[in-house]
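Peer 1: Hey, dropping my_file20.txt in here, compact mmCIF, C-alpha atoms:
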```txt
# COMPACT_ATOMS: atom_id res chain seq x y z
CA MET A 185 115.05 73.32 142.67
CA TRP A 186 118.75 73.90 143.00
CA ARG A 187 121.88 75.17 141.31
CA ARG A 188 125.61 74.79 141.77
CA THR A 189 127.58 77.99 142.44
CA ALA A 190 131.10 78.80 143.60
CA ARG A 191 129.65 79.56 147.04
CA GLY A 192 127.91 76.23 147.31
CA VAL A 193 124.69 74.56 146.22
CA VAL A 194 121.71 76.94 146.30
CA LEU A 195 118.38 75.27 147.06
CA ARG A 196 114.88 76.67 146.92
CA PRO A 197 112.02 74.54 148.20
CA THR A 198 108.93 74.82 145.97
CA HIS A 199 106.58 75.73 148.82
CA SER A 200 108.77 78.16 150.71
CA ASP A 201 110.44 81.51 150.14
CA THR A 202 113.58 80.28 151.90
CA VAL A 203 116.82 79.87 150.00
CA LEU A 204 119.29 77.38 151.44
CA LEU A 205 123.01 77.47 150.76
CA LEU A 206 124.84 74.17 151.20
CA GLU A 207 128.55 74.63 151.70
CA ALA A 208 131.50 72.33 152.34
CA SER A 209 130.43 68.82 153.42
CA ALA A 210 126.71 69.63 153.01
CA ARG A 211 127.45 70.41 149.38
CA VAL A 212 129.22 67.08 148.94
CA LEU A 213 126.28 65.35 150.63
CA TRP A 214 123.88 66.96 148.15
CA GLU A 215 125.97 65.81 145.18
CA VAL A 216 125.98 62.26 146.59
CA LEU A 217 122.19 62.41 146.90
CA GLU A 218 121.82 62.94 143.16
CA ARG A 219 121.33 59.16 143.10
CA GLU A 220 118.66 57.42 145.18
CA LEU A 221 120.63 55.80 148.04
CA THR A 222 120.02 54.13 151.40
CA LEU A 223 121.30 55.84 154.54
CA ASP A 224 124.10 53.28 154.82
CA GLU A 225 125.16 53.94 151.23
CA VAL A 226 125.17 57.71 151.83
CA VAL A 227 127.27 57.27 154.97
CA GLN A 228 129.70 55.00 153.14
CA ALA A 229 130.03 57.42 150.20
CA LEU A 230 130.78 60.40 152.47
CA ALA A 231 133.21 58.39 154.58
CA GLU A 232 135.13 57.52 151.40
CA VAL A 233 135.17 61.14 150.23
CA TYR A 234 136.59 62.31 153.57
CA ASP A 235 138.80 59.22 154.06
CA THR A 236 137.37 58.39 157.45
CA THR A 237 135.16 55.76 159.09
CA ALA A 238 131.40 55.44 158.62
CA THR A 239 130.89 55.68 162.37
CA SER A 240 132.53 59.09 162.60
CA VAL A 241 130.33 60.72 159.91
CA ARG A 242 127.03 58.90 160.49
CA GLU A 243 125.65 61.23 163.19
CA ASP A 244 126.45 64.40 161.20
CA ILE A 245 124.88 62.94 158.08
CA GLU A 246 121.70 61.91 159.88
CA GLY A 247 121.38 65.45 161.25
CA ALA A 248 121.96 67.03 157.85
CA LEU A 249 119.46 64.71 156.16
CA ALA A 250 116.85 65.55 158.80
CA ARG A 251 117.35 69.29 158.23
CA LEU A 252 117.05 68.89 154.45
CA GLU A 253 113.91 66.80 154.92
CA ASP A 254 112.42 69.46 157.24
CA ALA A 255 113.16 72.12 154.63
CA GLY A 256 111.19 70.13 152.07
CA VAL A 257 114.05 69.63 149.63
CA LEU A 258 114.60 65.96 150.36
CA ALA A 259 112.10 63.13 150.50
CA ARG A 260 112.44 59.75 152.16
CA VAL A 261 111.18 57.05 149.78
CA GLY A 262 110.31 53.43 150.49
CA ALA A 263 110.33 51.75 153.90
CA MET B 296 131.31 91.83 113.09
CA SER B 297 130.03 91.60 116.66
CA VAL B 298 129.66 94.81 118.64
CA HIS B 299 130.45 93.00 121.87
CA PRO B 300 134.00 93.29 123.31
CA PRO B 301 136.26 90.28 122.63
CA LEU B 302 136.60 89.33 126.31
CA LEU B 303 132.84 89.39 126.84
CA ARG B 304 132.47 87.13 123.79
CA SER B 305 135.08 84.79 125.24
CA VAL B 306 133.03 84.53 128.43
CA ALA B 307 129.87 83.83 126.40
CA ALA B 308 131.71 81.13 124.42
CA HIS B 309 133.39 79.51 127.42
CA GLY B 310 133.31 75.72 127.10
CA LEU B 311 132.19 75.66 123.47
CA PRO B 312 134.37 73.34 121.38
CA GLY B 313 136.35 75.20 118.73
CA ALA B 314 135.64 78.73 119.99
CA SER B 315 138.45 81.26 119.65
CA SER B 316 139.08 83.03 122.95
CA ALA B 317 140.76 86.25 124.01
CA TRP B 318 141.67 85.49 127.64
CA PRO B 319 144.22 87.81 129.27
CA GLU B 320 147.41 86.33 130.74
CA LEU B 321 147.03 88.28 134.01
CA ALA B 322 144.10 89.47 136.10
CA LEU B 323 142.41 92.59 134.68
CA ASP B 324 142.91 95.97 136.33
CA ASP B 325 139.93 97.35 138.25
CA ALA B 326 138.53 99.46 135.41
CA ALA B 327 138.69 96.65 132.86
CA TRP B 328 137.26 94.14 135.36
CA HIS B 329 134.28 96.34 136.19
CA ARG B 330 133.61 96.94 132.49
CA LEU B 331 133.62 93.17 132.01
CA LEU B 332 131.41 92.55 135.05
CA SER B 333 128.94 95.19 133.89
CA GLY B 334 128.73 93.52 130.48
CA VAL B 335 128.38 90.10 132.09
CA ARG B 336 125.46 91.29 134.23
CA ALA B 337 123.77 93.04 131.29
CA GLN B 338 124.12 89.95 129.09
CA ARG B 339 123.24 87.48 131.88
CA LEU B 340 126.54 85.65 131.57
CA SER B 341 127.50 85.32 135.23
CA GLY B 342 127.20 81.51 135.09
CA LEU B 343 129.72 81.29 132.27
CA LEU B 344 131.94 83.89 133.98
CA ALA B 345 131.96 81.81 137.16
CA ALA B 346 132.85 78.73 135.09
CA ALA B 347 135.65 80.59 133.28
CA VAL B 348 137.06 81.74 136.63
CA ALA B 349 136.76 78.27 138.20
CA SER B 350 138.50 76.62 135.25
CA GLY B 351 141.38 79.08 135.40
CA ALA B 352 140.73 80.31 131.84
CA LEU B 353 140.20 83.84 133.18
CA PRO B 354 142.83 84.84 135.75
CA VAL B 355 141.37 86.93 138.58
CA THR B 356 142.33 88.48 141.89
CA ALA B 357 140.73 87.21 145.10
CA ALA B 358 138.41 90.23 145.14
CA GLN B 359 137.38 89.65 141.52
CA GLU B 360 136.73 85.99 142.25
CA GLU B 361 134.41 87.02 145.08
CA GLU B 362 132.59 89.54 142.86
CA ALA B 363 132.13 86.94 140.13
CA ALA B 364 130.76 84.45 142.67
CA SER B 365 128.47 87.11 144.12
CA ALA B 366 127.05 88.06 140.70
CA HIS B 367 126.36 84.41 139.93
CA PHE B 368 124.81 83.72 143.34
CA GLU B 369 122.40 86.66 142.96
CA ALA B 370 121.40 85.59 139.46
CA VAL B 371 120.88 81.97 140.54
CA CYS B 372 118.63 83.04 143.45
CA GLY B 373 116.55 85.06 140.96
CA ASN B 374 116.31 82.10 138.59
CA LEU B 375 115.15 79.76 141.35
CA LEU B 376 112.44 82.28 142.27
CA ILE B 377 111.30 82.31 138.63
CA GLU B 378 111.27 78.51 138.53
CA ALA B 379 109.26 78.30 141.77
CA SER B 380 106.71 80.66 140.20
CA ALA B 381 106.74 78.57 137.03
CA VAL B 382 105.81 75.45 138.99
CA HIS B 383 102.82 77.19 140.58
CA LEU B 384 101.70 78.84 137.35
CA LEU B 385 101.97 75.66 135.28
CA ALA B 386 99.82 73.89 137.88
CA ARG B 387 97.19 76.67 137.63
CA LEU B 388 97.21 76.48 133.84
CA GLU B 389 96.85 72.70 133.94
CA GLU B 390 93.89 73.01 136.32
CA ALA B 391 92.33 75.43 133.82
CA GLY B 392 92.83 72.90 131.01
CA VAL B 393 95.50 74.99 129.27
CA HIS B 394 98.34 73.09 127.63
CA ALA B 395 101.47 75.17 128.35
CA ARG B 396 105.13 74.57 127.62
CA VAL B 397 108.23 76.37 128.88
CA LEU B 398 109.56 78.19 125.82
CA LYS B 399 113.18 79.11 126.60
CA GLY B 400 115.12 80.22 129.71
CA SER B 401 114.63 77.46 132.24
CA ALA B 402 113.93 74.82 129.56
CA VAL B 403 117.13 75.58 127.64
CA ALA B 404 119.13 75.72 130.88
CA HIS B 405 117.97 72.25 131.94
CA LEU B 406 117.84 70.53 128.56
CA ASP B 407 120.72 71.98 126.54
CA TYR B 408 123.47 72.92 128.98
CA PRO B 409 125.62 70.47 130.95
CA ASP B 410 124.73 72.38 134.13
CA PRO B 411 121.66 74.66 134.33
CA SER B 412 123.59 77.14 136.47
CA LEU B 413 125.50 78.15 133.33
CA ARG B 414 122.40 79.49 131.54
CA LEU B 415 120.63 82.36 133.31
CA PHE B 416 117.37 84.06 132.47
CA ALA B 417 115.34 87.07 133.54
CA ASP B 418 111.74 86.00 133.17
CA LEU B 419 109.38 83.12 132.53
CA ASP B 420 108.42 82.41 128.93
CA LEU B 421 105.53 80.07 128.24
CA VAL B 422 103.94 79.03 124.97
CA VAL B 423 100.31 77.96 124.65
CA PRO B 424 98.18 76.90 121.66
CA SER B 425 96.47 79.84 119.90
CA GLU B 426 92.99 78.53 120.65
CA GLN B 427 93.81 78.45 124.39
CA PHE B 428 95.45 81.87 124.52
CA GLY B 429 92.37 83.57 125.98
CA ASP B 430 92.02 80.94 128.71
CA ALA B 431 95.72 81.29 129.52
CA VAL B 432 95.39 85.09 129.80
CA ALA B 433 92.40 84.68 132.13
CA THR B 434 94.31 82.15 134.27
CA LEU B 435 97.32 84.44 134.61
CA ALA B 436 95.07 87.35 135.56
CA ALA B 437 93.33 85.19 138.19
CA ALA B 438 96.77 84.24 139.56
CA GLY B 439 97.60 87.93 140.12
CA HIS B 440 99.49 88.73 136.93
CA HIS B 441 98.84 92.12 135.35
CA ARG B 442 98.86 92.38 131.58
CA LEU B 443 101.32 95.06 130.44
CA SER B 444 99.52 96.07 127.22
CA ALA B 445 95.92 95.61 126.19
CA GLU B 446 94.78 93.35 123.37
CA PRO B 447 94.19 95.60 120.33
CA ARG B 448 90.82 94.01 119.65
CA PRO B 449 89.07 90.85 120.91
CA GLY B 450 90.49 87.86 119.07
CA PHE B 451 93.63 89.69 117.83
CA ASP B 452 95.94 87.80 120.19
CA ARG B 453 95.03 84.31 119.10
CA ARG B 454 95.13 85.22 115.38
CA PHE B 455 97.97 87.66 114.85
CA SER B 456 100.03 88.57 117.90
CA LYS B 457 103.25 87.04 119.18
CA GLY B 458 101.79 86.94 122.68
CA ALA B 459 101.39 89.13 125.73
CA SER B 460 103.53 90.17 128.68
CA PHE B 461 102.47 90.09 132.32
CA CYS B 462 103.97 91.25 135.59
CA THR B 463 103.24 90.44 139.23
CA ASP B 464 103.26 92.98 142.05
CA GLU B 465 106.63 91.48 143.07
CA GLY B 466 108.07 92.30 139.64
CA LEU B 467 108.13 88.80 138.15
CA GLU B 468 107.63 89.01 134.38
CA VAL B 469 105.83 86.30 132.47
CA ASP B 470 105.77 86.33 128.68
CA LEU B 471 102.93 84.29 127.26
CA HIS B 472 103.58 83.32 123.64
CA ARG B 473 101.60 81.70 120.87
CA THR B 474 104.36 82.12 118.26
CA PHE B 475 108.04 83.09 118.31
CA VAL B 476 108.09 86.64 116.94
CA MET B 477 105.66 89.19 115.60
CA GLY B 478 105.76 90.23 111.93
CA PRO B 479 106.16 88.20 108.76
CA PHE B 480 108.48 85.45 110.01
CA GLY B 481 106.27 84.85 113.05
CA LEU B 482 103.11 84.58 110.98
CA ARG B 483 104.66 81.97 108.67
CA ILE B 484 105.47 79.51 111.46
CA ARG B 485 103.22 76.44 111.29
CA LEU B 486 102.10 76.58 114.90
CA GLU B 487 100.91 72.97 114.91
CA ASP B 488 104.60 71.95 114.57
CA LEU B 489 105.23 73.40 118.04
CA TRP B 490 102.89 70.80 119.52
CA GLU B 491 103.83 67.73 117.47
CA SER B 492 106.23 66.36 120.11
CA CYS B 493 107.98 67.66 123.21
CA SER B 494 110.94 67.41 125.56
CA THR B 495 110.43 67.22 129.31
CA PHE B 496 112.45 68.15 132.38
CA GLU B 497 111.98 68.10 136.15
CA LEU B 498 111.17 71.30 137.99
CA GLY B 499 110.44 71.19 141.71
CA GLY B 500 109.41 67.54 141.56
CA ARG B 501 107.10 68.16 138.62
CA THR B 502 107.64 67.03 135.03
CA VAL B 503 107.19 70.02 132.75
CA GLU B 504 107.03 70.18 128.97
CA ALA B 505 109.27 72.17 126.66
CA LEU B 506 109.48 72.43 122.88
CA ASP B 507 111.21 69.43 121.32
CA SER B 508 114.93 69.72 120.47
CA GLU B 509 114.61 70.81 116.84
CA VAL B 510 111.81 73.31 117.47
CA ARG B 511 113.74 74.60 120.49
CA PHE B 512 116.76 75.11 118.23
CA LEU B 513 114.67 76.98 115.68
CA HIS B 514 113.28 79.17 118.44
CA ALA B 515 116.85 79.93 119.55
CA CYS B 516 117.62 80.96 115.95
CA PHE B 517 114.58 83.29 115.85
CA HIS B 518 115.62 84.79 119.19
CA ALA B 519 119.25 85.25 118.14
CA ALA B 520 118.53 86.58 114.64
CA LEU B 521 115.44 88.72 115.23
CA GLY B 522 115.01 89.19 118.99
CA ASP B 523 116.97 92.42 119.34
CA LYS B 524 118.32 95.10 117.00
CA VAL B 525 121.75 94.41 118.54
CA ALA B 526 121.96 90.63 118.90
CA ARG B 527 122.45 89.49 122.49
CA LEU B 528 125.09 86.93 123.37
CA VAL B 529 123.01 84.36 125.28
CA PRO B 530 120.70 83.50 122.36
CA GLN B 531 123.79 83.08 120.16
CA ARG B 532 125.36 80.83 122.77
CA ASP B 533 122.12 78.81 122.78
CA VAL B 534 122.35 78.37 118.99
CA ALA B 535 125.97 77.16 119.22
CA GLN B 536 125.28 75.03 122.30
CA MET B 537 122.45 73.16 120.60
CA LEU B 538 124.02 72.82 117.17
CA LEU B 539 127.41 71.67 118.47
CA SER B 540 125.80 69.11 120.78
CA GLY B 541 125.37 66.86 117.76
CA ARG B 542 121.97 65.78 119.09
CA LEU B 543 119.79 67.64 116.59
CA ASP B 544 117.99 65.85 113.77
CA LEU B 545 119.23 68.20 111.04
CA ALA B 546 116.90 66.74 108.40
CA ARG B 547 113.94 67.72 110.61
CA VAL B 548 115.44 71.17 111.25
CA HIS B 549 115.68 71.60 107.49
CA ASP B 550 112.11 70.43 106.89
CA LEU B 551 110.69 72.74 109.53
CA MET B 552 112.63 75.85 108.49
CA THR B 553 111.61 75.26 104.87
CA ALA B 554 107.95 74.83 105.80
CA TRP B 555 108.10 78.02 107.89
CA GLN B 556 110.03 79.93 105.16
CA ALA B 557 112.54 80.63 107.93
CA GLU B 558 115.77 79.92 106.00
CA PRO B 559 116.95 83.57 106.21
CA VAL B 560 116.38 83.53 109.98
CA VAL B 561 118.35 80.32 110.55
CA ALA B 562 121.12 81.37 108.17
CA ARG B 563 121.49 84.74 109.91
CA ALA B 564 121.46 83.20 113.40
CA VAL B 565 124.06 80.54 112.57
CA THR B 566 126.45 82.74 110.55
CA MET B 567 126.26 85.49 113.17
CA THR B 568 126.91 83.01 115.99
CA TRP B 569 129.85 81.40 114.19
CA SER B 570 131.34 84.86 113.55
CA THR B 571 130.71 86.18 117.09
CA PHE B 572 132.43 83.22 118.75
CA GLY B 573 135.00 82.57 116.02
CA LEU B 574 133.88 78.94 115.87
CA ALA B 575 136.22 76.70 113.94
CA ASP B 576 134.01 73.60 113.79
CA ILE B 577 132.04 73.36 110.57
CA THR B 578 128.72 71.56 110.80
CA ALA B 579 126.43 70.71 107.89
CA LEU B 580 124.11 73.53 108.96
CA SER B 581 126.85 76.12 109.49
CA ASP B 582 128.19 75.25 106.04
CA TRP B 583 124.71 75.64 104.52
CA ALA B 584 124.20 78.94 106.40
CA ARG B 585 127.49 80.33 105.08
CA ARG B 586 126.45 79.59 101.50
CA PHE B 587 122.84 80.76 101.85
CA ARG B 588 121.88 83.88 99.88
CA ALA B 589 118.58 85.58 100.72
CA THR B 590 116.28 86.83 97.97
CA PRO B 591 115.50 90.58 97.88
CA ARG B 592 112.09 89.81 99.38
CA GLN B 593 113.65 87.81 102.23
CA ASP B 594 116.14 90.64 102.83
CA ALA B 595 113.27 93.10 103.03
CA ASP B 596 111.51 90.93 105.60
CA LEU B 597 114.71 90.69 107.68
CA ASP B 598 115.18 94.48 107.49
CA VAL B 599 111.83 94.96 109.19
CA TYR B 600 113.31 93.40 112.33
CA LEU B 601 116.82 94.81 112.11
CA ASP B 602 116.40 98.37 110.82
CA PRO B 603 117.23 100.69 113.76
CA GLU B 604 114.63 103.14 112.42
CA GLY B 605 112.01 100.44 111.95
CA GLY B 606 108.92 100.44 114.13
CA TYR B 607 105.49 98.95 114.62
CA ALA B 608 104.14 100.38 111.34
CA GLU B 609 106.87 98.80 109.21
CA MET B 610 106.42 95.49 111.06
CA SER B 611 102.67 95.60 110.47
CA ILE B 612 102.98 96.28 106.75
CA ALA B 613 105.45 93.41 106.39
CA ALA B 614 103.17 91.16 108.44
CA LEU B 615 100.31 92.01 106.11
CA ARG B 616 102.29 90.61 103.17
CA ALA B 617 102.82 87.36 105.06
CA LEU B 618 99.12 86.71 105.67
CA PRO B 619 97.87 84.19 103.12
CA SER B 620 94.27 85.28 102.55
CA LEU B 621 92.55 88.58 101.76
CA ARG B 622 90.10 87.95 104.58
CA GLN B 623 92.93 87.62 107.12
CA ARG B 624 94.57 90.76 105.77
CA ALA B 625 91.31 92.70 106.12
CA ALA B 626 90.86 91.49 109.71
CA PHE B 627 94.45 92.45 110.53
CA VAL B 628 94.12 95.97 109.12
CA TYR B 629 90.77 96.52 110.85
CA ALA B 630 92.18 95.39 114.20
CA LEU B 631 95.23 97.63 113.89
CA ALA B 632 93.15 100.65 112.86
CA PHE B 633 90.93 100.13 115.88
CA PHE B 634 94.02 99.77 118.08
CA ALA B 635 95.55 102.99 116.74
CA ARG B 636 92.40 105.01 117.56
CA ARG B 637 92.22 103.60 121.07
CA SER B 638 95.93 104.16 121.73
CA THR B 639 95.61 107.83 120.82
CA ALA B 640 92.65 108.26 123.14
CA THR B 641 94.56 106.60 125.99
CA SER B 642 97.65 108.74 125.56
CA ARG B 643 95.56 111.94 125.53
CA TRP B 644 93.93 110.89 128.78
CA ARG B 645 97.36 110.17 130.27
CA ARG B 646 98.71 113.58 129.32
CA ALA B 647 95.72 115.25 130.93
CA ALA B 648 96.10 113.22 134.09
CA GLN B 649 99.78 114.09 134.35
CA ALA B 650 99.02 117.77 133.93
CA ALA B 651 96.45 117.58 136.72
CA ARG B 652 98.98 115.94 139.03
CA ARG B 653 101.53 118.62 138.28
CA THR B 654 99.03 121.31 139.17
CA VAL B 655 98.25 119.67 142.50
CA GLY B 656 101.99 119.45 143.16
CA VAL B 657 102.48 123.21 142.67
CA ARG B 658 99.76 124.03 145.16
```
What does this structure look like when you write it as structure tokens?
Peer 2:
Amino acid sequence: MWRRTARGVVLRPTHSDTVLLLEASARVLWEVLERELTLDEVVQALAEVYDTTATSVREDIEGALARLEDAGVLARVGA
Amino acid sequence: MSVHPPLLRSVAAHGLPGASSAWPELALDDAAWHRLLSGVRAQRLSGLLAAAVASGALPVTAAQEEEAASAHFEAVCGNLLIEASAVHLLARLEEAGVHARVLKGSAVAHLDYPDPSLRLFADLDLVVPSEQFGDAVATLAAAGHHRLSAEPRPGFDRRFSKGASFCTDEGLEVDLHRTFVMGPFGLRIRLEDLWESCSTFELGGRTVEALDSEVRFLHACFHAALGDKVARLVPQRDVAQMLLSGRLDLARVHDLMTAWQAEPVVARAVTMTWSTFGLADITALSDWARRFRATPRQDADLDVYLDPEGGYAEMSIAALRALPSLRQRAAFVYALAFFARRSTATSRWRRAAQAARRTVGVR
């Protein structure tokens, strides 16, 4: 469950009392994830938003996706 | 004429096509800003305030922008807590075989607004079929929800009442409904129409049911027209939001309101909303509402809800008139008489208990 606010995207996992606030690039990442995408597609989308190369954002994105997955607000689907 | 200040109404109408607005040219001074913020919090409009600030419609200072963002953030966190509870409770009800739908709040936010963060709510409202009301009450109690007022008499809830309110130890309020309002207009609703079809939305990875669009609109009209003696702004915004979306099947709205004898309710909700927000757009329904004239009997039924001096007794007498059979009327009167005797006994016991506590305190 999540909402957009001026401070960022507020997330609340269903099975936790934690509230997560996604700001700046994490917020943009969340908006991109509204569609079901592969990792490469996510990396490409963020690289375009920030006008940089896929290589330079890939590591940060992988870290952010792992944290969102650990928090239970993101699920990996398929192989 | 609306009792709400023009600027507060502008916030409530932000983003509606054709709404007349009273935005200031410069940021408000501190006193005016805090009056506005207080009204926004009381009316649960911080989502629309944040949107008005973000769009530049309402000029603000940096400090005011931060306060607006803070108010919205707090409200959003509260709403997500309510929705997390809704997911758990709906699962418990489903396990118990109870068919429950989200009545307003979260459902309207997700289904009728372009962004759910615009529409805030204070509690969880669920509707269940009358015949499952008892099972739903038992499920809520088993899940740790305390009922706020007792059922007047066994069976009263599923036959005559609007519903029941519950609270958790953490302060989360859940309103369990079987119909929209108490009194005559509530008793005339054909409850089977609430279950004919549904809308759905995603909540925490779960698909949950809500009333279908037209029934949801009629509920918004009941809430706006009869929900409070002084009409709140959010229900009126809901009415405008749904009607101006152009997605309603107006022929079905007409059929349902006629079958429920709810024309005075819909007419009042729509005319009041159009006046509150100064809406320029004329829809077929707003045009009908403007021309609608209630009969003396319909006016009397509306007065039961709107009279500042009106109370439970007036509502009960009016409800009695709405019951179709003598047998139902007799059951209603018997249940209320029983309730009145028990209420008196309870209040006497409470007074005695308070007196005892005071005595202990003096010692």
Peer 1: With only C-alpha atoms counted and 9 Å as the cut-off, give the residues of chain A in contact with chain B, each with its shortest interatomic distance in Å and the pair that gives it, as a tab-separated table.
Peer 2:
```
residue	atom	partner	partner_atom	distance
A:Met185	CA	B:Gly499	CA	5.2
A:Trp186	CA	B:Leu375	CA	7.1
A:Arg187	CA	B:Ser412	CA	5.5
A:Arg188	CA	B:Ser412	CA	6.1
A:Thr189	CA	B:Phe368	CA	6.4
A:Ala190	CA	B:Ala364	CA	5.7
A:Arg191	CA	B:Ala364	CA	6.7
A:Val194	CA	B:Cys372	CA	7.4
A:Leu195	CA	B:Leu375	CA	7.9
A:Arg196	CA	B:Leu375	CA	6.4
A:Pro197	CA	B:Gly499	CA	7.5
A:Thr198	CA	B:Ala379	CA	5.5
A:His199	CA	B:Ala379	CA	8.0
A:Ser200	CA	B:Ala379	CA	9.0
A:Asp201	CA	B:Leu376	CA	8.2
A:Val203	CA	B:Cys372	CA	7.5
A:Val257	CA	B:Gly499	CA	8.8
```
Peer 1: CA of Leu521 in chain B and CA of Ser315 in chain B are how many Å apart?
Peer 2: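 So the answer is 24.6 Å.
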Peer 1: Please indicate the distance in Å from CA of Leu435 in chain B to CA of Arg453 in chain B, rounded to one decimal place.
Peer 2: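 Going from CA of Leu435 in chain B over to CA of Arg453 in chain B covers 15.7 Å.
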Peer 1: Do you know which residues are at most 10 Å from Ala208 in chain A counting all atoms listed in the file, after dropping those on the same chain fewer than 5 positions away, and could you put them as a list in words?
Peer 2: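 Non-adjacent residues within range: Arg191, Gly192, Val193 and Leu213 of chain A.
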Peer 1: Given only C-alpha atoms as the basis, pick out the residue of A:Leu258, A:Leu217, A:Ala250, A:Leu205 nearest to Leu230 in chain A.
Peer 2: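 Of A:Leu258, A:Leu217, A:Ala250, A:Leu205, the one nearest Leu230 in chain A, counting only C-alpha atoms, is A:Leu217.
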Peer 1: Write out as a PDB file with C-alpha atoms, in the coordinates of the input which residues come within 10 Å of Ala317 in chain B when counting all atoms listed in the file, dropping same-chain ones fewer than 5 positions away.
Peer 2:
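File around13.pdb, as written:
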```
ATOM      1  CA  PRO B 300     134.000  93.290 123.310  1.00  0.00           C
ATOM      2  CA  PRO B 301     136.260  90.280 122.630  1.00  0.00           C
ATOM      3  CA  LEU B 302     136.600  89.330 126.310  1.00  0.00           C
ATOM      4  CA  LEU B 303     132.840  89.390 126.840  1.00  0.00           C
ATOM      5  CA  ARG B 304     132.470  87.130 123.790  1.00  0.00           C
ATOM      6  CA  SER B 305     135.080  84.790 125.240  1.00  0.00           C
ATOM      7  CA  VAL B 306     133.030  84.530 128.430  1.00  0.00           C
ATOM      8  CA  ALA B 352     140.730  80.310 131.840  1.00  0.00           C
ATOM      9  CA  LEU B 353     140.200  83.840 133.180  1.00  0.00           C
TER      10      LEU B 353
END
```
Peer 1: Need the shell around Ala248 in chain A: protein/DNA/RNA residues with any atom at most 10 Å away, counting all atoms listed in the file. Skip same-chain ones fewer than 3 positions apart. Format as number ranges by chain?
Peer 2: A: 209-210, 213-214, 242-245, 251-254
Peer 1: Using C-alpha atoms, can you write the selected residues to a file as a PDB file, keeping the file's coordinate frame?
Peer 2:
```pdb
ATOM      1  CA  SER A 209     130.430  68.820 153.420  1.00  0.00           C
ATOM      2  CA  ALA A 210     126.710  69.630 153.010  1.00  0.00           C
ATOM      3  CA  LEU A 213     126.280  65.350 150.630  1.00  0.00           C
ATOM      4  CA  TRP A 214     123.880  66.960 148.150  1.00  0.00           C
ATOM      5  CA  ARG A 242     127.030  58.900 160.490  1.00  0.00           C
ATOM      6  CA  GLU A 243     125.650  61.230 163.190  1.00  0.00           C
ATOM      7  CA  ASP A 244     126.450  64.400 161.200  1.00  0.00           C
ATOM      8  CA  ILE A 245     124.880  62.940 158.080  1.00  0.00           C
ATOM      9  CA  ARG A 251     117.350  69.290 158.230  1.00  0.00           C
ATOM     10  CA  LEU A 252     117.050  68.890 154.450  1.00  0.00           C
ATOM     11  CA  GLU A 253     113.910  66.800 154.920  1.00  0.00           C
ATOM     12  CA  ASP A 254     112.420  69.460 157.240  1.00  0.00           C
TER      13      ASP A 254
END
```
Peer 1: Could you check which of B:Phe428, B:Arg448, B:Leu506, B:Ala437 is closest to Arg473 in chain B, using only C-alpha atoms?
Peer 2: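 Looking at the shortest contact to Arg473 in chain B, the residue is B:Phe428.
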Peer 1: Determine the nearest neighbour of Leu204 in chain A from the options A:Ala231, A:Leu221, A:Ala255, A:Ala238, counting all atoms listed in the file.
Peer 2: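 Between A:Ala231, A:Leu221, A:Ala255, A:Ala238, the residue approaching Leu204 in chain A most closely is A:Ala255.
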Peer 1: CA of Met477 in chain B and CA of Ala584 in chain B are how many Å apart?
Peer 2: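 Between CA of Met477 in chain B and CA of Ala584 in chain B the gap works out to 23.1 Å.
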Peer 1: Identify which of the residues B:Glu504, B:Leu398, B:Val529, B:Asp324 lies closest to Ala337 in chain B, counting only C-alpha atoms when measuring atom-to-atom distances.
Peer 2: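 Smallest separation from Ala337 in chain B among the options: B:Val529.
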Peer 1: Determine the nearest neighbour of Leu323 in chain B from the options B:Ile484, B:Ala357, B:Ala579, B:Ala595, counting only C-alpha atoms.
Peer 2: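 Of all the options, B:Ala357 lies closest to Leu323 in chain B.
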Peer 1: Please check which residues have atoms at most 12 Å from (118.0, 55.2, 148.9) in the file's coordinates, counting only C-alpha atoms, and write them as a PyMOL selection string.
Peer 2: chain A and resi 216-227+258-263
Peer 1: Could you dump the residues just selected with C-alpha atoms as a tab-separated table (two decimals), in the coordinates of the input?
Peer 2:
```
chain	number	residue	atom	x	y	z
A	216	VAL	CA	125.98	62.26	146.59
A	217	LEU	CA	122.19	62.41	146.90
A	218	GLU	CA	121.82	62.94	143.16
A	219	ARG	CA	121.33	59.16	143.10
A	220	GLU	CA	118.66	57.42	145.18
A	221	LEU	CA	120.63	55.80	148.04
A	222	THR	CA	120.02	54.13	151.40
A	223	LEU	CA	121.30	55.84	154.54
A	224	ASP	CA	124.10	53.28	154.82
A	225	GLU	CA	125.16	53.94	151.23
A	226	VAL	CA	125.17	57.71	151.83
A	227	VAL	CA	127.27	57.27	154.97
A	258	LEU	CA	114.60	65.96	150.36
A	259	ALA	CA	112.10	63.13	150.50
A	260	ARG	CA	112.44	59.75	152.16
A	261	VAL	CA	111.18	57.05	149.78
A	262	GLY	CA	110.31	53.43	150.49
A	263	ALA	CA	110.33	51.75	153.90
```
Peer 1: B:Arg414, B:Leu384, B:Leu421, B:His394: which is nearest Gly439 in chain B, counting all atoms listed in the file?
Peer 2: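 For Gly439 in chain B, the nearest of the candidates is B:Leu384.
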